[in-house]
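Source file input-v6.txt; content: compact mmCIF, C-alpha atoms and all ligand atoms.
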# COMPACT_ATOMS: atom_id res chain seq x y z
CA MET A 1 -46.42 0.48 7.07
CA PRO A 2 -44.25 -2.54 6.25
CA VAL A 3 -46.26 -5.77 6.09
CA ILE A 4 -44.11 -8.88 5.88
CA THR A 5 -44.53 -12.63 5.56
CA SER A 6 -40.96 -13.62 6.41
CA PRO A 7 -38.78 -12.15 9.18
CA GLU A 8 -35.89 -11.64 6.75
CA GLU A 9 -37.86 -8.97 4.92
CA PHE A 10 -37.59 -6.39 7.71
CA ASN A 11 -34.45 -4.46 8.58
CA THR A 12 -33.87 -0.91 9.79
CA GLU A 13 -31.06 0.35 7.57
CA ASP A 14 -31.33 4.06 8.21
CA LEU A 15 -31.18 4.76 11.95
CA TYR A 16 -28.32 6.76 13.52
CA VAL A 17 -27.69 8.04 17.06
CA ASP A 18 -25.91 11.38 17.21
CA LEU A 19 -23.30 10.81 19.94
CA ARG A 20 -22.43 14.48 20.31
CA PRO A 21 -25.08 15.22 22.98
CA VAL A 22 -24.76 11.72 24.45
CA LEU A 23 -20.98 11.35 24.87
CA GLY A 24 -19.61 14.60 23.50
CA SER A 25 -18.21 12.75 20.46
CA PRO A 26 -18.87 13.90 16.89
CA VAL A 27 -19.96 10.46 15.73
CA TYR A 28 -23.16 9.15 14.16
CA LEU A 29 -23.77 5.63 15.39
CA LYS A 30 -25.46 3.43 12.77
CA CYS A 31 -27.84 1.08 14.59
CA GLU A 32 -27.94 -2.41 13.10
CA GLY A 33 -29.88 -4.19 15.83
CA PHE A 34 -33.43 -3.46 14.68
CA ASN A 35 -34.46 -6.58 12.80
CA PHE A 36 -35.82 -9.98 13.85
CA ALA A 37 -32.32 -11.44 14.23
CA GLY A 38 -31.35 -8.48 16.38
CA SER A 39 -28.01 -7.78 14.70
CA ILE A 40 -26.00 -6.82 11.65
CA LYS A 41 -25.39 -10.51 10.96
CA LEU A 42 -28.83 -10.81 9.35
CA LYS A 43 -27.37 -9.33 6.15
CA ALA A 44 -24.39 -11.71 5.97
CA ALA A 45 -26.58 -14.72 6.85
CA ALA A 46 -29.31 -13.91 4.31
CA THR A 47 -26.82 -13.17 1.52
CA MET A 48 -24.75 -16.32 2.17
CA VAL A 49 -27.86 -18.57 2.22
CA GLU A 50 -29.39 -16.95 -0.89
CA GLU A 51 -26.16 -17.35 -2.84
CA ALA A 52 -25.73 -20.98 -1.68
CA GLU A 53 -29.26 -21.67 -2.91
CA LYS A 54 -28.52 -20.00 -6.25
CA ALA A 55 -25.36 -22.12 -6.60
CA GLY A 56 -27.39 -25.29 -5.92
CA LEU A 57 -25.46 -26.13 -2.76
CA LEU A 58 -28.55 -26.62 -0.59
CA THR A 59 -31.06 -29.45 -0.91
CA ARG A 60 -34.00 -30.43 1.25
CA ASP A 61 -31.73 -32.80 3.21
CA SER A 62 -29.05 -30.20 3.87
CA ILE A 63 -28.14 -29.32 7.43
CA LEU A 64 -26.60 -25.89 7.69
CA VAL A 65 -23.68 -25.79 10.11
CA GLU A 66 -21.75 -22.74 11.23
CA SER A 67 -19.29 -21.60 13.86
CA SER A 68 -20.61 -18.45 15.52
CA SER A 69 -20.09 -16.47 18.69
CA GLY A 70 -23.86 -16.03 18.62
CA ASN A 71 -25.28 -13.40 16.34
CA LEU A 72 -24.72 -15.16 13.03
CA GLY A 73 -26.10 -18.25 14.73
CA VAL A 74 -29.32 -16.44 15.65
CA ALA A 75 -29.65 -15.02 12.13
CA LEU A 76 -29.10 -18.43 10.54
CA SER A 77 -31.52 -20.05 13.01
CA MET A 78 -34.17 -17.59 11.88
CA ILE A 79 -33.44 -18.04 8.18
CA ALA A 80 -33.27 -21.84 8.49
CA ALA A 81 -36.67 -21.76 10.22
CA THR A 82 -38.27 -19.66 7.48
CA ARG A 83 -36.73 -21.67 4.62
CA GLY A 84 -37.22 -25.16 6.08
CA TYR A 85 -33.59 -26.17 6.70
CA ARG A 86 -32.06 -27.77 9.77
CA PHE A 87 -29.29 -25.74 11.40
CA LEU A 88 -26.53 -26.67 13.83
CA CYS A 89 -24.57 -23.86 15.46
CA VAL A 90 -21.14 -24.51 16.97
CA THR A 91 -20.44 -21.89 19.59
CA ASP A 92 -18.28 -21.65 22.73
CA SER A 93 -18.72 -21.00 26.42
CA ARG A 94 -18.45 -17.21 25.91
CA CYS A 95 -21.74 -17.20 23.97
CA ASN A 96 -24.38 -15.39 26.04
CA PRO A 97 -26.92 -17.83 27.55
CA ALA A 98 -29.76 -15.71 26.13
CA THR A 99 -28.30 -15.97 22.62
CA ARG A 100 -27.98 -19.74 22.92
CA ARG A 101 -31.57 -20.04 24.13
CA MET A 102 -32.75 -17.84 21.27
CA MET A 103 -31.17 -20.17 18.71
CA GLU A 104 -32.79 -23.17 20.38
CA ALA A 105 -36.16 -21.40 20.49
CA LEU A 106 -35.86 -20.91 16.74
CA GLY A 107 -35.33 -24.66 16.29
CA ALA A 108 -31.55 -24.84 15.94
CA GLU A 109 -29.28 -27.40 17.54
CA VAL A 110 -26.39 -25.83 19.49
CA HIS A 111 -23.03 -27.43 20.28
CA THR A 112 -20.97 -25.49 22.84
CA VAL A 113 -17.21 -25.92 22.79
CA THR A 114 -15.87 -25.51 26.33
CA GLU A 115 -12.09 -25.92 25.86
CA PRO A 116 -9.98 -23.54 23.74
CA ASP A 117 -7.61 -25.00 21.18
CA GLY A 118 -3.92 -24.67 22.11
CA GLU A 119 -3.03 -22.27 19.29
CA GLY A 120 -6.31 -21.01 17.88
CA GLY A 121 -8.24 -20.36 21.10
CA PHE A 122 -12.00 -20.95 21.17
CA LEU A 123 -12.34 -20.13 17.47
CA GLY A 124 -9.77 -22.80 16.59
CA ALA A 125 -11.66 -25.32 18.72
CA ARG A 126 -15.00 -24.39 17.12
CA LEU A 127 -13.61 -24.68 13.60
CA SER A 128 -12.12 -28.08 14.27
CA HIS A 129 -15.50 -29.28 15.63
CA VAL A 130 -17.20 -28.08 12.43
CA HIS A 131 -14.56 -29.87 10.31
CA ASP A 132 -15.23 -33.10 12.24
CA LEU A 133 -18.99 -32.80 11.71
CA CYS A 134 -18.63 -32.17 7.96
CA ALA A 135 -16.21 -35.09 7.60
CA ALA A 136 -18.67 -37.41 9.34
CA ASP A 137 -21.87 -36.55 7.41
CA SER A 138 -22.19 -35.20 3.86
CA ARG A 139 -25.54 -33.56 4.60
CA TYR A 140 -23.75 -30.79 6.50
CA VAL A 141 -23.28 -27.60 4.49
CA TRP A 142 -20.83 -25.14 6.04
CA LEU A 143 -21.31 -21.65 4.65
CA ASN A 144 -18.14 -20.64 6.56
CA GLN A 145 -18.48 -16.97 7.43
CA TYR A 146 -14.67 -16.77 7.82
CA THR A 147 -13.97 -17.48 4.14
CA ASN A 148 -17.30 -16.88 2.37
CA GLU A 149 -17.02 -13.88 0.00
CA PHE A 150 -20.73 -13.21 0.39
CA ASN A 151 -20.11 -12.26 4.02
CA TRP A 152 -18.34 -9.07 2.93
CA ILE A 153 -20.33 -8.70 -0.29
CA ALA A 154 -23.50 -8.33 1.82
CA HIS A 155 -22.06 -5.14 3.33
CA HIS A 156 -20.70 -3.95 -0.01
CA ARG A 157 -24.22 -4.31 -1.43
CA ILE A 158 -26.25 -2.98 1.51
CA THR A 159 -24.44 -1.43 4.52
CA ALA A 160 -21.87 0.79 2.79
CA PRO A 161 -24.19 2.23 0.10
CA ALA A 162 -26.72 3.09 2.82
CA ILE A 163 -24.05 5.04 4.74
CA ALA A 164 -22.76 6.71 1.57
CA GLN A 165 -26.23 7.83 0.61
CA ARG A 166 -27.02 9.30 4.04
CA PHE A 167 -23.57 10.94 4.51
CA PRO A 168 -22.32 12.27 1.16
CA ASN A 169 -19.54 14.16 3.00
CA LEU A 170 -18.37 11.27 5.17
CA ASP A 171 -14.79 11.70 6.42
CA VAL A 172 -14.21 8.73 8.74
CA LEU A 173 -15.90 5.36 9.19
CA PHE A 174 -15.26 3.19 12.28
CA VAL A 175 -15.99 -0.52 11.88
CA GLY A 176 -15.42 -3.35 14.36
CA ALA A 177 -13.55 -6.43 13.15
CA GLY A 178 -14.82 -9.94 13.85
CA THR A 179 -14.75 -12.04 10.68
CA THR A 180 -14.03 -8.64 9.03
CA GLY A 181 -17.01 -9.09 6.71
CA THR A 182 -18.51 -5.72 7.64
CA LEU A 183 -15.11 -4.05 7.58
CA MET A 184 -14.04 -5.41 4.19
CA GLY A 185 -17.41 -4.78 2.53
CA CYS A 186 -17.41 -1.14 3.66
CA ALA A 187 -13.67 -0.55 3.05
CA ARG A 188 -13.83 -1.93 -0.50
CA TYR A 189 -16.97 0.07 -1.29
CA PHE A 190 -15.49 3.40 -0.22
CA ARG A 191 -12.14 2.67 -1.88
CA GLU A 192 -13.86 1.85 -5.18
CA SER A 193 -16.11 4.90 -4.90
CA GLY A 194 -13.03 7.15 -4.99
CA ARG A 195 -14.39 9.15 -2.05
CA PRO A 196 -11.77 10.31 0.47
CA VAL A 197 -13.19 8.31 3.38
CA THR A 198 -10.76 7.11 6.08
CA VAL A 199 -11.79 3.61 7.15
CA VAL A 200 -10.66 2.74 10.67
CA ALA A 201 -10.85 -0.84 11.94
CA VAL A 202 -11.61 -1.27 15.64
CA ASP A 203 -10.54 -4.46 17.39
CA THR A 204 -10.20 -5.80 20.93
CA VAL A 205 -6.87 -6.09 22.74
CA GLY A 206 -6.09 -9.82 22.79
CA SER A 207 -7.23 -10.40 19.21
CA VAL A 208 -4.64 -11.58 16.67
CA THR A 209 -6.40 -10.08 13.62
CA PHE A 210 -4.05 -7.13 13.23
CA GLY A 211 -0.94 -8.86 14.55
CA GLY A 212 -1.47 -8.54 18.31
CA LEU A 213 -0.65 -11.23 20.82
CA PRO A 214 -3.49 -13.58 21.77
CA GLN A 215 -5.00 -12.91 25.19
CA PRO A 216 -8.27 -14.00 26.76
CA ARG A 217 -11.27 -11.95 25.56
CA MET A 218 -14.68 -12.33 27.14
CA ILE A 219 -16.97 -10.19 25.01
CA PRO A 220 -18.28 -11.96 21.90
CA GLY A 221 -18.49 -10.39 18.45
CA LEU A 222 -15.16 -8.70 17.86
CA GLY A 223 -11.66 -10.05 17.74
CA ALA A 224 -10.30 -13.42 16.67
CA GLY A 225 -7.88 -16.05 17.92
CA VAL A 226 -7.19 -17.01 14.28
CA ARG A 227 -6.47 -14.31 11.68
CA PRO A 228 -9.61 -13.85 9.53
CA GLN A 229 -9.06 -14.98 5.95
CA LEU A 230 -11.37 -12.28 4.58
CA LEU A 231 -9.09 -9.51 5.84
CA ASP A 232 -7.12 -7.49 3.30
CA PRO A 233 -5.25 -4.92 5.41
CA ALA A 234 -4.38 -2.91 2.27
CA CYS A 235 -8.01 -1.68 2.14
CA ILE A 236 -7.89 -0.22 5.68
CA ASP A 237 -6.45 3.13 6.66
CA ASP A 238 -5.92 2.64 10.38
CA VAL A 239 -6.53 0.27 13.30
CA VAL A 240 -7.47 1.02 16.93
CA MET A 241 -7.15 -1.62 19.64
CA VAL A 242 -9.48 -1.28 22.64
CA PRO A 243 -9.02 -3.07 26.01
CA GLU A 244 -12.21 -4.79 27.20
CA PRO A 245 -12.59 -2.69 30.39
CA GLU A 246 -12.84 0.36 28.12
CA THR A 247 -15.53 -1.41 26.09
CA VAL A 248 -17.56 -2.03 29.23
CA ARG A 249 -17.10 1.58 30.31
CA ALA A 250 -18.38 2.85 26.94
CA CYS A 251 -21.40 0.51 27.12
CA HIS A 252 -22.23 1.75 30.62
CA ARG A 253 -21.93 5.37 29.54
CA LEU A 254 -24.31 4.77 26.63
CA ALA A 255 -26.69 2.92 28.96
CA ALA A 256 -26.58 5.84 31.41
CA ALA A 257 -27.98 7.95 28.58
CA GLY A 258 -30.71 5.36 27.86
CA PHE A 259 -29.03 3.58 24.94
CA LEU A 260 -28.55 -0.11 25.74
CA PHE A 261 -26.10 -1.41 23.14
CA GLY A 262 -24.14 -4.64 22.80
CA GLY A 263 -20.49 -5.17 23.71
CA SER A 264 -18.96 -4.62 20.28
CA THR A 265 -20.72 -1.26 20.04
CA GLY A 266 -18.90 -0.20 23.22
CA THR A 267 -15.62 -1.26 21.61
CA VAL A 268 -16.32 0.65 18.39
CA VAL A 269 -17.45 3.78 20.25
CA ALA A 270 -14.41 3.67 22.58
CA GLY A 271 -12.15 3.13 19.56
CA ALA A 272 -13.71 6.05 17.71
CA GLN A 273 -13.22 8.30 20.74
CA ARG A 274 -9.56 7.27 21.05
CA TRP A 275 -8.88 7.77 17.34
CA LEU A 276 -10.61 11.14 17.13
CA ALA A 277 -8.82 12.43 20.25
CA ARG A 278 -5.48 11.44 18.74
CA HIS A 279 -5.96 12.37 15.08
CA ARG A 280 -8.68 14.98 14.78
CA PRO A 281 -9.14 16.59 18.25
CA ASP A 282 -10.47 19.94 17.07
CA ALA A 283 -11.59 19.20 13.57
CA GLU A 284 -15.11 19.52 12.25
CA LEU A 285 -15.68 16.25 10.51
CA THR A 286 -18.36 13.75 9.65
CA ALA A 287 -17.76 10.42 11.35
CA VAL A 288 -19.91 7.29 11.40
CA ALA A 289 -19.46 4.19 13.58
CA ILE A 290 -21.36 0.94 13.17
CA ALA A 291 -23.27 -0.51 16.17
CA PRO A 292 -23.72 -4.24 15.39
CA ASP A 293 -26.38 -5.12 17.99
CA LEU A 294 -28.33 -4.07 21.10
CA GLY A 295 -27.78 -4.75 24.79
CA GLU A 296 -30.44 -7.24 25.95
CA ARG A 297 -28.21 -10.23 25.18
CA TYR A 298 -25.53 -8.85 27.51
CA LEU A 299 -27.64 -8.31 30.64
CA ASP A 300 -26.05 -11.31 32.38
CA THR A 301 -22.52 -10.28 31.41
CA LEU A 302 -21.33 -6.76 30.78
CA TYR A 303 -24.37 -5.16 32.42
CA GLN A 304 -24.03 -7.37 35.51
CA GLU A 305 -21.89 -6.04 38.33
CA THR A 306 -20.81 -9.46 39.64
CA TRP A 307 -19.74 -10.64 36.19
CA VAL A 308 -17.79 -7.46 35.49
CA ARG A 309 -15.97 -7.72 38.86
CA GLU A 310 -15.20 -11.41 38.39
CA VAL A 311 -13.82 -10.92 34.90
CA TYR A 312 -11.95 -7.64 35.20
CA GLY A 313 -11.08 -7.59 38.91
CA ASP A 314 -9.32 -4.38 39.87
CA ASP A 315 -9.84 -2.97 36.38
CA ALA A 316 -13.60 -3.35 36.82
CA PRO A 317 -15.10 -0.31 35.12
CA LEU A 318 -18.01 0.08 37.49
CA ALA A 319 -17.78 3.66 38.69
CA PRO A 320 -20.74 5.65 37.39
CA LEU A 321 -19.57 8.00 34.67
CA THR A 322 -20.76 11.49 34.03
CA VAL A 323 -22.78 11.84 30.89
CA THR A 324 -21.89 14.93 28.89
CA ARG A 325 -24.90 16.75 27.48
CA GLY A 326 -24.94 19.76 25.23
C1 LIG A 401 -22.08 -8.20 18.10
C2 LIG A 401 -21.16 -8.31 16.94
N1 LIG A 401 -20.34 -7.30 16.69
C3 LIG A 401 -19.48 -7.36 15.66
C4 LIG A 401 -19.38 -8.45 14.84
C5 LIG A 401 -18.33 -8.47 13.77
O1 LIG A 401 -18.82 -8.40 12.48
P1 LIG A 401 -17.98 -9.04 11.31
O2 LIG A 401 -18.02 -10.52 11.48
O3 LIG A 401 -18.69 -8.59 10.06
O4 LIG A 401 -16.57 -8.53 11.38
C6 LIG A 401 -20.20 -9.53 15.09
C7 LIG A 401 -20.08 -10.72 14.28
O5 LIG A 401 -20.58 -11.77 14.61
C8 LIG A 401 -21.12 -9.45 16.16
O6 LIG A 401 -21.93 -10.47 16.44
Any chance you could put this one into structure tokens?
Ligand SMILES: Cc1ncc(COP(=O)(O)O)c(C=O)c1O
Amino acid sequence: MPVITSPEEFNTEDLYVDLRPVLGSPVYLKCEGFNFAGSIKLKAAATMVEEAEKAGLLTRDSILVESSSGNLGVALSMIAATRGYRFLCVTDSRCNPATRRMMEALGAEVHTVTEPDGEGGFLGARLSHVHDLCAADSRYVWLNQYTNEFNWIAHHRITAPAIAQRFPNLDVLFVGAGTTGTLMGCARYFRESGRPVTVVAVDTVGSVTFGGLPQPRMIPGLGAGVRPQLLDPACIDDVVMVPEPETVRACHRLAAAGFLFGGSTGTVVAGAQRWLARHRPDAELTAVAIAPDLGERYLDTLYQETWVREVYGDDAPLAPLTVTRG
């Protein structure tokens, strides 16, 4: 029985859903949403704050500031509350209302950018707001998840070794790409380990991370309007791009089987299905995909019929899908 005194101390690192009976796909889905921050970003947030403390960057007057589509913001709100810091999150209008309220409930201040930047989209606009804040007041400390090495190091220290230990014969790992912290931490770990693991990045159509053209994207978490500085494409074996309607369809299929996951999980699962169908259709292999969070934060968006119709129009993936069992 775990007994804790701080919410950071609890995380479920060893829970997988076997998608074979659920979707007919030979994939183990690593669930990262079972902690008090509700997402994989707890590990990046905790590691970045701990290392900033060790480096003497944080004082009692410091105000943490970060640009986040939501989940890192929630994790930092929680950590700031437990460690006695102030925290200001700069997000944008795509951030789920529930996520924004969660940050505020944890004591954070939230600034919401409503206009995308000409070239860099919403991310560009958020980053320039953070720059302005830091230039105006020296108390702001920007951990900067887009450049901070400890973002990927968190996954190199925790996420990848946990997968390696549970799946000694791992063949393929599917990881969604936002800041690419999770992706780079896992890719570097498996490359260094010398194990023949194929690491496949999964991204959203409309993201520029892997050289695609920028297009509007509505589901937070994955994708970027500015190429992530942490990305080293040499560490990655392949990339799959998933259109958002396919993400929604995958989420609805998982929900129809009782698993309510977040948007990026739908993208990663859809990407894994595409990649396996193309590259290993008949092969017996061990594949793992990472599910960054759960579905409650998306009830007003991708699990809401009106929202899905408004956003995707004729592409609206609303038809109930058959769940394959057995
Ligand atoms: C729901 C969700 N999925 C995926 C990601 C991407 O993770 P990373 O930034 O490590 O690439 C994030 C990051 O915020 C997220 O919140």
- Provide the CA of Gly124 (chain A) to CA of Gly223 (chain A) distance in Å, to one decimal place.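 Going from CA of Gly124 (chain A) over to CA of Gly223 (chain A), I get 12.9 Å.
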- Query: Separation of CA of Val3 (chain A) and CA of Ala81 (chain A), in Å?
  - Reply: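 Between these atoms lies a distance of 19.1 Å.
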- May I ask you to write as an MDAnalysis selection string all residues lying at most 6 Å from ligand LIG 401 (chain A), with only C-alpha atoms and all ligand atoms counted? chainID A and resid 71:72 176:182 221:222 264 292:293
- Shortest contact to Asp92 (chain A), candidates A:Val311, A:Ile219, A:Cys235, A:Val49, atoms counted all atoms listed in the file, goes to A:Ile219
- Query: Any idea what the distance is between CA of Leu64 (chain A) and CA of Thr12 (chain A)?
  - Reply: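 Taking CA of Leu64 (chain A) as the start and CA of Thr12 (chain A) as the end point, the length is 26.1 Å.
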- Task: Please work out which residues fall within 10 Å of (-13.6, 11.4, 12.8), coordinates as given in the file, with all atoms listed in the file counting, and return them as a PyMOL selection string.
- Result: chain A and resi 25-28+170-174+197-200+272-273+275-277+279-281+283-289
- Need the neighbours of (-19.8, -14.2, 3.8): which residues are at most 8 Å away, counting all atoms listed in the file, as a PyMOL selection string? chain A and resi 44-45+47-48+143-154+181
- Task: Find the residue from A:Phe167, A:Trp307, A:Tyr16, A:Phe261 that sits nearest to Gly295 (chain A); use all atoms listed in the file when measuring.
- Result: A:Phe261
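Residues in contact with Met103 (chain A) at 8 Å, where all atoms listed in the file are counted and same-chain residues fewer than 4 positions away are skipped, are listed as Gly73, Val74, Ser77, Met78, Thr99, Gly107, Ala108, Glu109 and Val110 of chain A.
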